[in-house]
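First comes the structure, then the notes that go with it.
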Amino acid sequence: MLHKLISSVIFIILLFDFLIIAVDTCKASDGNILYVGGSGTGNYSYIQDAINHSKDDGTVYVYDGVYHENITINKSISLIGSNKDTVSIFGNDKLYAILVKSSGVNISGFTIQNSKAGICISGYSFNNISENIIANNAEGIHLYNSSNNKITKNVIRNQGDDSAIVCFDSCNNIISENTFIDTSMSIYLGRWSDSNVISDNSITDYDYGIRIDFSFNNMIYGNLIKNGNRGVYLTNSKYNNITYNNIEDNEDSGIHITNLKDNVISPNNFTNNYDNVKEGVSPPTIKAPGFEMLFVIFAVFLILIFYRRNKT
């Protein structure tokens, strides 16, 4: 009787241990969810390893920690951090921290920093980048030939001498409800970046708040653009609609339009700008030779005369 009781107790203990292991294993790969960091059995140590083992439409969930990685996402997954203030991806000063090579990718809940481009999307669409902190990169988010993406509710700051968000040949993207702080150029639409929506962003402390070159039919509305050099700057661009923005405290101009004027730029609320609207290109100033330059030319002339006389 005692022997059967002991055997039953041992069986229950082994069964209990098995169930714990099973629960932890399920947690590490909960259906189509893979986990990185944390203390669960089977959790991955590296984000890239979890991505490599994930499936389309799956989720990679990342627990608190600092991850020194350069990540490539080549499938339609959601990459989710547990808390954008406590989950950091360091790009190690490489070309990118996260390279997106797929459509249908969601990225949220991270601090992304220390790379040439925090997030780079080249040739893909229908991606969502939301609720991240993107800081201390040369460029925050770079889109090339990428359309129908959403960039929303991110904090992008301290981006050095380049752009926080830069787009080339990228159309129909939504850039909305982001906060830009201390950037050289907060949003740049360059070369055939058409029909984008830039709305409800807070943009402060910049050289250029929004710059648009060779791009058409963009909608820019409801933004706070404050405390910089040039609020909105357009060159060689037509049919853009810039309305209902609060444009304040710009040292050069609230809106500066060069070359082409076929844009809608009212109504907007202008406050304390050096010029609310500036049109045309300021001609380059050519400095006349100063006294020092004339003195040098005269001295060279005398030396040449002296040399020729001595030679003869």
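Residues in the structure tokens are numbered from 1 in each chain, the chains being A, B, ... in the order shown, and ligands are numbered from 1 in the order shown.
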
**Request:** Determine, counting only C-alpha atoms, which protein, DNA and RNA residues have an atom within 12 Å of an atom of A:Ser54; residues of the same chain fewer than 3 positions away are not included. Present the result as a ChimeraX atom specification.
**Result:** /A:28-36,44,47-51,57-61,73-79

What would the file look like if the residues just selected were written as a PDB file, in the first residue's frame with C-alpha atoms?
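The new file result-v3.pdb reads:
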ATOM      1  CA  ALA A  28       8.055  30.703 -25.944  1.00  0.00           C
ATOM      2  CA  SER A  29       6.195  29.797 -29.120  1.00  0.00           C
ATOM      3  CA  ASP A  30       2.592  30.629 -28.307  1.00  0.00           C
ATOM      4  CA  GLY A  31       0.996  29.479 -31.523  1.00  0.00           C
ATOM      5  CA  ASN A  32       2.453  32.008 -33.943  1.00  0.00           C
ATOM      6  CA  ILE A  33       4.165  34.125 -31.238  1.00  0.00           C
ATOM      7  CA  LEU A  34       7.882  33.874 -30.481  1.00  0.00           C
ATOM      8  CA  TYR A  35       9.471  35.521 -27.438  1.00  0.00           C
ATOM      9  CA  VAL A  36      12.849  37.201 -27.015  1.00  0.00           C
ATOM     10  CA  TYR A  44      15.290  33.498 -27.822  1.00  0.00           C
ATOM     11  CA  ILE A  47      15.714  39.259 -32.024  1.00  0.00           C
ATOM     12  CA  GLN A  48      17.100  38.161 -35.394  1.00  0.00           C
ATOM     13  CA  ASP A  49      16.992  34.481 -34.396  1.00  0.00           C
ATOM     14  CA  ALA A  50      13.333  34.776 -33.480  1.00  0.00           C
ATOM     15  CA  ILE A  51      12.564  36.536 -36.763  1.00  0.00           C
ATOM     16  CA  ASP A  57       1.590  36.861 -39.995  1.00  0.00           C
ATOM     17  CA  GLY A  58       3.375  35.835 -36.812  1.00  0.00           C
ATOM     18  CA  THR A  59       4.560  37.970 -33.899  1.00  0.00           C
ATOM     19  CA  VAL A  60       7.957  38.392 -32.301  1.00  0.00           C
ATOM     20  CA  TYR A  61       7.499  39.791 -28.799  1.00  0.00           C
ATOM     21  CA  ILE A  73      12.780  41.587 -41.442  1.00  0.00           C
ATOM     22  CA  ASN A  74      12.011  39.636 -44.612  1.00  0.00           C
ATOM     23  CA  LYS A  75       8.521  38.373 -43.831  1.00  0.00           C
ATOM     24  CA  SER A  76       5.165  39.846 -42.855  1.00  0.00           C
ATOM     25  CA  ILE A  77       5.382  39.836 -39.069  1.00  0.00           C
ATOM     26  CA  SER A  78       4.695  42.087 -36.096  1.00  0.00           C
ATOM     27  CA  LEU A  79       7.799  43.013 -34.111  1.00  0.00           C
TER      28      LEU A  79
END

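Minimum distance to A:Ser253 across A:Val277, A:Ile265, A:Ile98, A:Leu224 (counting only C-alpha atoms) occurs at A:Val277.
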
**Message:** Among stretch 136-253 of chain A, which residues does DSSP mark as strand (DSSP E or B) when it is run on the backbone? Keep the chain and numbering as in the structure and answer as a ChimeraX atom specification.
**Reply:** /A:139-144,150-152,155-157,163-168,174-176,179-190,197-199,202-213,219-221,224-235,241-243,246-253

Please, could you write that set of residues out with C-alpha atoms as an mmCIF file, in the first residue's frame?
data_model
loop_
_atom_site.group_PDB
_atom_site.id
_atom_site.type_symbol
_atom_site.label_atom_id
_atom_site.label_comp_id
_atom_site.auth_asym_id
_atom_site.auth_seq_id
_atom_site.Cartn_x
_atom_site.Cartn_y
_atom_site.Cartn_z
ATOM 1 C CA GLU A 139 18.357 59.366 -40.283
ATOM 2 C CA GLY A 140 15.399 58.208 -38.243
ATOM 3 C CA ILE A 141 13.252 56.484 -40.896
ATOM 4 C CA HIS A 142 14.227 56.172 -44.562
ATOM 5 C CA LEU A 143 11.725 55.244 -47.271
ATOM 6 C CA TYR A 144 12.864 54.555 -50.819
ATOM 7 C CA LYS A 150 1.979 54.432 -41.980
ATOM 8 C CA ILE A 151 4.356 56.199 -39.597
ATOM 9 C CA THR A 152 2.403 57.254 -36.533
ATOM 10 C CA VAL A 155 8.990 60.234 -30.939
ATOM 11 C CA ILE A 156 11.911 61.109 -33.208
ATOM 12 C CA ARG A 157 14.686 63.210 -31.713
ATOM 13 C CA SER A 163 16.484 64.005 -41.734
ATOM 14 C CA ALA A 164 14.244 62.450 -39.116
ATOM 15 C CA ILE A 165 12.007 61.011 -41.856
ATOM 16 C CA VAL A 166 13.225 61.008 -45.444
ATOM 17 C CA CYS A 167 11.262 59.782 -48.485
ATOM 18 C CA PHE A 168 12.426 59.298 -52.062
ATOM 19 C CA ILE A 174 0.772 58.651 -43.901
ATOM 20 C CA ILE A 175 3.031 60.497 -41.451
ATOM 21 C CA SER A 176 0.827 61.456 -38.537
ATOM 22 C CA THR A 179 6.704 64.194 -32.190
ATOM 23 C CA PHE A 180 9.914 65.610 -33.657
ATOM 24 C CA ILE A 181 12.446 67.248 -31.335
ATOM 25 C CA ASP A 182 15.865 68.699 -32.205
ATOM 26 C CA THR A 183 16.262 67.563 -35.805
ATOM 27 C CA SER A 184 18.096 69.212 -38.679
ATOM 28 C CA MET A 185 15.279 68.372 -41.096
ATOM 29 C CA SER A 186 12.213 66.790 -39.533
ATOM 30 C CA ILE A 187 10.404 65.530 -42.664
ATOM 31 C CA TYR A 188 11.890 65.484 -46.154
ATOM 32 C CA LEU A 189 9.956 64.539 -49.280
ATOM 33 C CA GLY A 190 12.408 64.302 -52.141
ATOM 34 C CA VAL A 197 -0.337 62.933 -45.939
ATOM 35 C CA ILE A 198 1.591 64.764 -43.203
ATOM 36 C CA SER A 199 -0.812 65.628 -40.399
ATOM 37 C CA SER A 202 4.473 68.256 -33.387
ATOM 38 C CA ILE A 203 7.715 69.581 -34.900
ATOM 39 C CA THR A 204 10.052 71.698 -32.770
ATOM 40 C CA ASP A 205 13.703 72.801 -32.831
ATOM 41 C CA TYR A 206 14.858 72.276 -36.421
ATOM 42 C CA ASP A 207 16.545 73.887 -39.388
ATOM 43 C CA TYR A 208 13.810 72.735 -41.796
ATOM 44 C CA GLY A 209 10.505 71.574 -40.302
ATOM 45 C CA ILE A 210 9.129 70.082 -43.532
ATOM 46 C CA ARG A 211 11.002 70.248 -46.837
ATOM 47 C CA ILE A 212 9.513 69.209 -50.178
ATOM 48 C CA ASP A 213 11.574 68.940 -53.368
ATOM 49 C CA MET A 219 -1.426 67.158 -47.991
ATOM 50 C CA ILE A 220 0.125 68.954 -45.007
ATOM 51 C CA TYR A 221 -2.353 69.963 -42.335
ATOM 52 C CA LEU A 224 2.519 72.357 -35.017
ATOM 53 C CA ILE A 225 5.742 73.671 -36.585
ATOM 54 C CA LYS A 226 7.560 75.776 -34.039
ATOM 55 C CA ASN A 227 10.904 77.241 -33.038
ATOM 56 C CA GLY A 228 13.141 76.621 -36.014
ATOM 57 C CA ASN A 229 14.685 78.305 -39.017
ATOM 58 C CA ARG A 230 12.290 77.465 -41.881
ATOM 59 C CA GLY A 231 8.911 75.961 -41.078
ATOM 60 C CA VAL A 232 7.864 74.593 -44.496
ATOM 61 C CA TYR A 233 10.158 74.851 -47.511
ATOM 62 C CA LEU A 234 9.073 73.960 -51.062
ATOM 63 C CA THR A 235 11.152 73.906 -54.198
ATOM 64 C CA ASN A 241 -1.951 71.662 -49.962
ATOM 65 C CA ILE A 242 -0.530 73.284 -46.811
ATOM 66 C CA THR A 243 -3.388 74.349 -44.547
ATOM 67 C CA ASN A 246 0.263 76.390 -36.537
ATOM 68 C CA ILE A 247 3.575 77.814 -37.735
ATOM 69 C CA GLU A 248 5.414 79.762 -35.043
ATOM 70 C CA ASP A 249 8.735 81.328 -34.057
ATOM 71 C CA ASN A 250 10.753 80.681 -37.225
ATOM 72 C CA GLU A 251 13.862 82.797 -37.662
ATOM 73 C CA ASP A 252 13.754 82.828 -41.474
ATOM 74 C CA SER A 253 10.259 82.026 -42.684
#

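Distances here use only C-alpha atoms; by that measure, the residue among A:Lys261, A:Lys116, A:His256, A:Arg191 closest to A:Leu99 is A:Lys116.
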
Would you pick out the contacts of A:Gly123 at 9 Å or less, using only C-alpha atoms, so that residues sharing its chain but fewer than 3 positions from it are not included, and give the list as a PDB file with N, CA and C atoms, in the first residue's frame?
ATOM      1  N   LYS A 101      12.419  44.298 -45.418  1.00  0.00           N
ATOM      2  CA  LYS A 101      12.444  43.756 -46.782  1.00  0.00           C
ATOM      3  C   LYS A 101      11.194  42.929 -47.035  1.00  0.00           C
ATOM      4  N   SER A 102      10.059  43.448 -46.594  1.00  0.00           N
ATOM      5  CA  SER A 102       8.785  42.778 -46.792  1.00  0.00           C
ATOM      6  C   SER A 102       7.680  43.812 -46.652  1.00  0.00           C
ATOM      7  N   SER A 103       6.528  43.503 -47.193  1.00  0.00           N
ATOM      8  CA  SER A 103       5.326  44.303 -46.936  1.00  0.00           C
ATOM      9  C   SER A 103       4.563  43.689 -45.770  1.00  0.00           C
ATOM     10  N   LEU A 143      12.559  55.955 -46.309  1.00  0.00           N
ATOM     11  CA  LEU A 143      11.725  55.244 -47.271  1.00  0.00           C
ATOM     12  C   LEU A 143      12.258  55.497 -48.669  1.00  0.00           C
ATOM     13  N   TYR A 144      12.481  54.422 -49.416  1.00  0.00           N
ATOM     14  CA  TYR A 144      12.864  54.555 -50.819  1.00  0.00           C
ATOM     15  C   TYR A 144      11.961  53.659 -51.655  1.00  0.00           C
ATOM     16  N   ASN A 145      11.284  54.278 -52.630  1.00  0.00           N
ATOM     17  CA  ASN A 145      10.386  53.527 -53.509  1.00  0.00           C
ATOM     18  C   ASN A 145       9.410  52.682 -52.696  1.00  0.00           C
ATOM     19  N   SER A 146       8.867  53.262 -51.662  1.00  0.00           N
ATOM     20  CA  SER A 146       7.981  52.544 -50.738  1.00  0.00           C
ATOM     21  C   SER A 146       6.723  53.373 -50.511  1.00  0.00           C
ATOM     22  N   SER A 147       5.575  52.770 -50.726  1.00  0.00           N
ATOM     23  CA  SER A 147       4.312  53.504 -50.682  1.00  0.00           C
ATOM     24  C   SER A 147       3.303  52.824 -49.765  1.00  0.00           C
ATOM     25  N   SER A 170       8.521  57.839 -53.004  1.00  0.00           N
ATOM     26  CA  SER A 170       7.610  57.143 -52.089  1.00  0.00           C
ATOM     27  C   SER A 170       6.302  57.919 -52.001  1.00  0.00           C
TER      28      SER A 170
END

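If you look at atom CA of A:Asn128 and atom CA of A:Tyr244, they are 25.6 Å away from each other.
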
**Prompt:** What lies within 9 Å of A:Asn114 using only C-alpha atoms, ignoring chain neighbours under 2 positions off, as an MDAnalysis selection string?
**Reply:** chainID A and resid 89:94 96:97 112 116:118 135:138

**Sel. of helix (DSSP H, G or I) residues, stretch 41-109 of chain A, as a ChimeraX atom specification** = /A:47-53

Output the selection as a PDB file, in the first residue's frame - C-alpha atoms for each residue.
ATOM      1  CA  ILE A  47      15.714  39.259 -32.024  1.00  0.00           C
ATOM      2  CA  GLN A  48      17.100  38.161 -35.394  1.00  0.00           C
ATOM      3  CA  ASP A  49      16.992  34.481 -34.396  1.00  0.00           C
ATOM      4  CA  ALA A  50      13.333  34.776 -33.480  1.00  0.00           C
ATOM      5  CA  ILE A  51      12.564  36.536 -36.763  1.00  0.00           C
ATOM      6  CA  ASN A  52      14.358  33.825 -38.712  1.00  0.00           C
ATOM      7  CA  HIS A  53      12.174  31.158 -37.070  1.00  0.00           C
TER       8      HIS A  53
END

**Fill in**
The residue from A:Gly81, A:Gly42, A:Gly104, A:Gly160 with the smallest atom-to-atom distance to A:Glu131, counting only C-alpha atoms, is A:Gly81

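Atom CA of A:Asn178 is found 14.6 Å from atom CA of A:Ile107.
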
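For the pair atom CA of A:Asn223 and atom CA of A:Phe126, the interatomic distance is 23.4 Å.
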